[in-house]
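Data file: protein23.cif. Format and content: mmCIF, C-alpha atoms.
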```cif
data_data
#
loop_
_atom_site.label_atom_id
_atom_site.label_comp_id
_atom_site.auth_asym_id
_atom_site.auth_seq_id
_atom_site.Cartn_x
_atom_site.Cartn_y
_atom_site.Cartn_z
CA MET A 1 106.13 103.28 82.69
CA LEU A 2 102.44 103.86 83.37
CA PHE A 3 102.81 101.91 86.62
CA TRP A 4 105.22 104.54 87.94
CA ILE A 5 103.19 107.47 86.58
CA PHE A 6 99.99 106.30 88.29
CA LEU A 7 101.88 105.38 91.46
CA ALA A 8 103.61 108.77 91.72
CA GLY A 9 100.44 110.62 90.71
CA GLY A 10 98.30 108.75 93.21
CA LEU A 11 100.72 109.31 96.07
CA ALA A 12 101.27 112.96 95.18
CA ALA A 13 97.52 113.56 95.05
CA ARG A 14 96.97 111.70 98.32
CA TYR A 15 99.72 113.28 100.40
CA ALA A 16 101.13 116.39 98.72
CA ALA A 17 97.81 117.80 97.45
CA GLY A 18 95.59 116.31 100.17
CA LEU A 19 93.19 114.81 97.60
CA ARG A 20 92.74 111.41 99.24
CA THR A 21 89.89 110.24 96.98
CA LEU A 22 91.69 111.14 93.76
CA GLY A 23 94.92 109.60 95.08
CA GLY A 24 93.10 106.39 96.01
CA GLY A 25 91.49 106.24 92.59
CA LEU A 26 94.84 106.64 90.83
CA LEU A 27 96.40 103.97 93.05
CA LEU A 28 93.54 101.60 92.18
CA CYS A 29 94.49 102.03 88.52
CA VAL A 30 97.99 100.66 89.16
CA PRO A 31 96.99 96.95 88.99
CA LEU A 32 94.62 97.68 86.10
CA ILE A 33 97.64 98.75 84.05
CA ASP A 34 98.84 95.13 84.17
CA VAL A 35 95.51 93.92 82.78
CA VAL A 36 95.60 96.52 80.01
CA LEU A 37 99.20 95.63 79.13
CA LEU A 38 98.46 91.91 78.96
CA THR A 39 95.33 92.50 76.88
CA ALA A 40 97.17 94.80 74.46
CA THR A 41 100.01 92.29 74.07
CA VAL A 42 97.67 89.36 73.38
CA LEU A 43 95.51 91.38 70.96
CA SER A 44 98.59 92.59 69.12
CA ILE A 45 99.85 89.05 68.58
CA GLN A 46 96.37 87.73 67.69
CA GLU A 47 96.07 90.39 65.00
CA GLY A 48 99.11 88.90 63.32
CA VAL A 49 101.77 91.36 64.39
CA ALA A 50 105.13 89.62 64.43
CA PRO A 51 106.22 89.18 68.05
CA THR A 52 109.11 91.35 69.14
CA ILE A 53 111.30 91.52 72.21
CA TRP A 54 108.87 94.18 73.48
CA HIS A 55 106.07 91.63 73.63
CA GLY A 56 108.39 89.40 75.64
CA LEU A 57 109.33 92.28 77.90
CA SER A 58 105.67 92.94 78.66
CA ALA A 59 105.24 89.29 79.73
CA ALA A 60 108.39 89.42 81.89
CA TYR A 61 107.28 92.73 83.39
CA LEU A 62 103.82 91.40 84.21
CA GLY A 63 105.17 88.47 86.19
CA ILE A 64 107.30 90.78 88.27
CA THR A 65 104.60 93.38 88.90
CA VAL A 66 102.04 90.75 89.86
CA VAL A 67 104.35 89.59 92.65
CA TYR A 68 106.07 92.85 93.61
CA GLY A 69 103.51 95.50 92.64
CA HIS A 70 101.59 95.51 95.92
CA ARG A 71 104.80 95.57 97.98
CA THR A 72 106.11 98.45 95.87
CA VAL A 73 102.91 100.45 96.37
CA ARG A 74 103.00 99.80 100.15
CA TRP A 75 106.68 100.82 100.33
CA ALA A 76 106.12 104.01 98.33
CA ASP A 77 102.98 104.82 100.32
CA ALA A 78 104.92 104.57 103.58
CA LYS A 79 107.69 106.82 102.19
CA PHE A 80 105.19 109.46 101.03
CA ALA A 81 103.29 109.23 104.34
CA ARG A 82 106.51 110.00 106.23
CA ARG A 83 107.60 112.77 103.86
CA PHE A 84 104.32 114.56 103.30
CA GLY A 85 101.91 113.15 105.89
CA GLY A 86 104.06 113.41 109.00
CA ALA A 87 103.90 109.67 109.76
CA ALA A 88 106.54 108.27 112.05
CA ALA A 89 109.27 106.14 110.56
CA PRO A 90 108.86 102.47 111.43
CA PRO A 91 111.66 100.89 113.40
CA ARG A 92 114.30 99.23 111.24
CA ARG A 93 114.10 95.48 111.19
CA GLN A 94 117.22 93.84 112.48
CA LEU A 95 117.21 90.25 111.30
CA HIS A 96 119.70 87.82 112.75
CA GLY A 97 120.03 84.08 112.96
CA ARG A 98 116.99 82.04 111.96
CA ALA A 99 114.87 85.13 111.19
CA ALA A 100 117.46 86.34 108.67
CA VAL A 101 117.60 82.93 106.99
CA VAL A 102 113.79 82.70 106.74
CA ASP A 103 113.58 86.25 105.35
CA ALA A 104 116.27 85.59 102.73
CA TRP A 105 114.56 82.41 101.51
CA LYS A 106 111.13 84.07 101.46
CA SER A 107 112.58 86.80 99.29
CA TRP A 108 114.08 84.28 96.88
CA PHE A 109 110.88 82.24 96.67
CA ARG A 110 108.99 85.45 95.99
CA PHE A 111 111.23 86.05 92.98
CA LEU A 112 110.84 82.39 91.96
CA LEU A 113 107.07 82.99 91.82
CA ALA A 114 107.59 86.12 89.70
CA TYR A 115 109.92 84.11 87.46
CA ALA A 116 107.37 81.30 87.07
CA ILE A 117 104.59 83.74 86.17
CA SER A 118 106.81 85.56 83.66
CA VAL A 119 108.00 82.33 82.03
CA GLY A 120 104.41 81.04 81.92
CA LEU A 121 103.25 84.21 80.18
CA ILE A 122 106.17 84.12 77.72
CA LEU A 123 105.49 80.48 76.87
CA GLY A 124 101.78 81.28 76.56
CA LEU A 125 102.60 83.98 74.02
CA VAL A 126 104.85 81.56 72.13
CA ALA A 127 101.96 79.08 72.00
CA LEU A 128 99.71 81.87 70.76
CA VAL A 129 102.19 82.62 67.96
CA GLY A 130 102.28 78.95 67.01
CA THR A 131 105.94 78.00 66.56
CA LEU A 132 109.24 78.42 68.35
CA ASP A 133 110.74 80.07 65.28
CA LYS A 134 108.13 82.80 65.29
CA GLY A 135 108.26 83.07 69.08
CA ALA A 136 112.06 83.35 69.30
CA PRO A 137 112.01 87.11 70.08
CA LEU A 138 109.78 86.36 73.07
CA LEU A 139 112.13 83.70 74.39
CA VAL A 140 115.02 86.18 74.57
CA TRP A 141 113.77 87.21 78.02
CA LEU A 142 114.23 83.75 79.49
CA ASN A 143 118.01 84.29 79.60
CA PRO A 144 118.09 87.42 81.82
CA LEU A 145 115.22 86.20 83.99
CA THR A 146 117.00 82.88 84.61
CA LYS A 147 120.29 84.62 85.35
CA VAL A 148 118.63 86.86 87.95
CA LEU A 149 116.94 83.84 89.50
CA VAL A 150 120.23 81.92 89.76
CA TYR A 151 122.31 84.91 90.91
CA SER A 152 119.73 85.89 93.52
CA LEU A 153 120.09 82.41 95.01
CA ILE A 154 123.52 83.45 96.32
CA TRP A 155 122.07 85.63 99.09
CA PRO A 156 119.85 83.02 100.81
CA VAL A 157 122.58 80.39 100.55
CA VAL A 158 125.18 82.71 102.10
CA THR A 159 122.69 83.81 104.77
CA THR A 160 121.95 80.16 105.58
CA ILE A 161 125.65 79.44 106.03
CA TRP A 162 126.44 82.68 107.91
CA PRO A 163 123.18 84.01 109.35
CA GLY A 164 124.82 86.70 111.47
CA LYS A 165 124.56 87.20 115.17
CA ALA A 166 122.47 89.66 117.07
CA PRO A 167 124.41 92.63 118.43
CA PRO A 168 125.14 92.32 122.12
CA GLU A 169 122.42 93.70 124.36
CA PRO A 170 123.53 96.69 126.44
CA GLU A 171 123.88 95.70 130.06
CA SER A 172 121.46 97.33 132.47
CA GLY A 173 123.09 100.04 134.46
CA SER A 174 125.92 100.43 132.00
CA GLY A 175 126.69 103.68 130.35
CA PRO A 176 128.63 106.84 131.03
CA GLY A 177 129.18 107.45 134.70
CA THR A 178 127.86 104.07 135.79
CA GLY A 179 131.15 102.21 135.84
CA PRO A 180 132.37 100.27 138.85
CA GLY A 181 132.86 102.41 141.88
CA PRO A 182 132.68 102.16 145.62
CA VAL A 183 129.93 99.91 146.84
CA PRO A 184 127.63 101.83 149.13
CA GLY A 185 127.55 100.47 152.63
CA PRO A 186 125.31 101.17 155.57
CA ALA A 187 124.92 104.79 156.53
CA PRO A 188 127.24 105.87 159.36
CA ALA A 189 125.54 105.86 162.76
CA GLU A 190 125.11 109.19 164.51
CA GLU A 191 127.11 109.69 167.63
CA ASN A 192 125.17 110.10 170.86
CA ARG A 193 125.64 113.48 172.52
#
```
Translate this file's structure into structure tokens.
Amino acid sequence: MLFWIFLAGGLAARYAAGLRTLGGGLLLCVPLIDVVLLTATVLSIQEGVAPTIWHGLSAAYLGITVVYGHRTVRWADAKFARRFGGAAAPPRRQLHGRAAVVDAWKSWFRFLLAYAISVGLILGLVALVGTLDKGAPLLVWLNPLTKVLVYSLIWPVVTTIWPGKAPPEPESGSGPGTGPGPVPGPAPAEENR
């Protein structure tokens, strides 16, 4: 939740209020929230608090924000820049063929990295607790994370099989009023008087 509060606050300060330094400072706090969350989770478990699904959620969340946090900040920054800063909208990417396949697999491998980090953090917390019985509430998050990983594999596989074709390029000289017509010939010669 704090991720979104600092992100929205930083962007609002930067673009809506024109306070670029304050906005930059708030945006710099966004990755620090991950460090604070991880520290609080580890300290909580070290102090003997029985692990709950919320401890597991923090580990799952951290893996995802480590991988996607910077992209999310860049995306939101571009949206705010267009809305409040008058920046031009970037051209839409049209991916077809090999480029679409590469993009789909990059996206899946990005989530695989987030999954690996999340699972590593969850298993690290289970090790910190000491036994699988005590760490069972943490392991609950492996099920939805694994399902998302497997289900998200559908898109790159389908894109690999059917990558899509580029739309046909408009022919030069085509358009309204440029259809086939009489071919111009040589200019008529003037008659001698």
The PyMOL selection byres ((chain A and resi 73) around 12) applied to the shown file, residues as number ranges by chain: A: 3-4, 6-11, 24, 26-31, 65-72, 74-81
Find the distance between CA of Pro156 (chain A) and CA of Leu113 (chain A) and write it in Å to one decimal. 15.6 Å
Residues in the PyMOL selection byres ((chain A and resi 102-104) around 12), expressed as a list in words: Arg93, Gln94, Leu95, His96, Gly97, Arg98, Ala99, Ala100, Val101, Trp105, Lys106, Ser107, Trp108, Phe109, Arg110, Phe111, Ser152, Leu153, Ile154, Trp155, Pro156, Val157, Val158, Thr159, Thr160, Ile161, Trp162 and Pro163 of chain A
Shortest interatomic distance to Ala40 (chain A) - which of A:His55, A:Arg83, A:Arg20, A:Arg92, counting all atoms listed in the file: A:His55
Hits of the PyMOL selection byres ((chain A and resi 134) around 12) in this structure, as a list of chain:residue names: A:Ile45, A:Gly48, A:Val49, A:Ala50, A:Pro51, A:Thr52, A:Ile53, A:Leu125, A:Val126, A:Ala127, A:Leu128, A:Val129, A:Gly130, A:Thr131, A:Leu132, A:Asp133, A:Gly135, A:Ala136, A:Pro137, A:Leu138, A:Leu139
Choose the residue, out of A:Asp34, A:Leu57, A:Gly85, A:Glu47, that has the smallest atom-to-atom separation from Ala17 (chain A); count only C-alpha atoms.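 Closest candidate: A:Gly85.
Restricting the calculation to all atoms listed in the file, the smallest distance between Trp54 (chain A) and any of A:Val140, A:Glu169, A:Phe84, A:Ala89 is found for A:Val140.
What separates CA of Leu145 (chain A) from CA of Leu112 (chain A) is a distance of 9.9 Å.
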Please compute the CA of Asn143 (chain A)-CA of Tyr61 (chain A) distance, one decimal, in Å.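 Between CA of Asn143 (chain A) and CA of Tyr61 (chain A) the gap works out to 14.2 Å.
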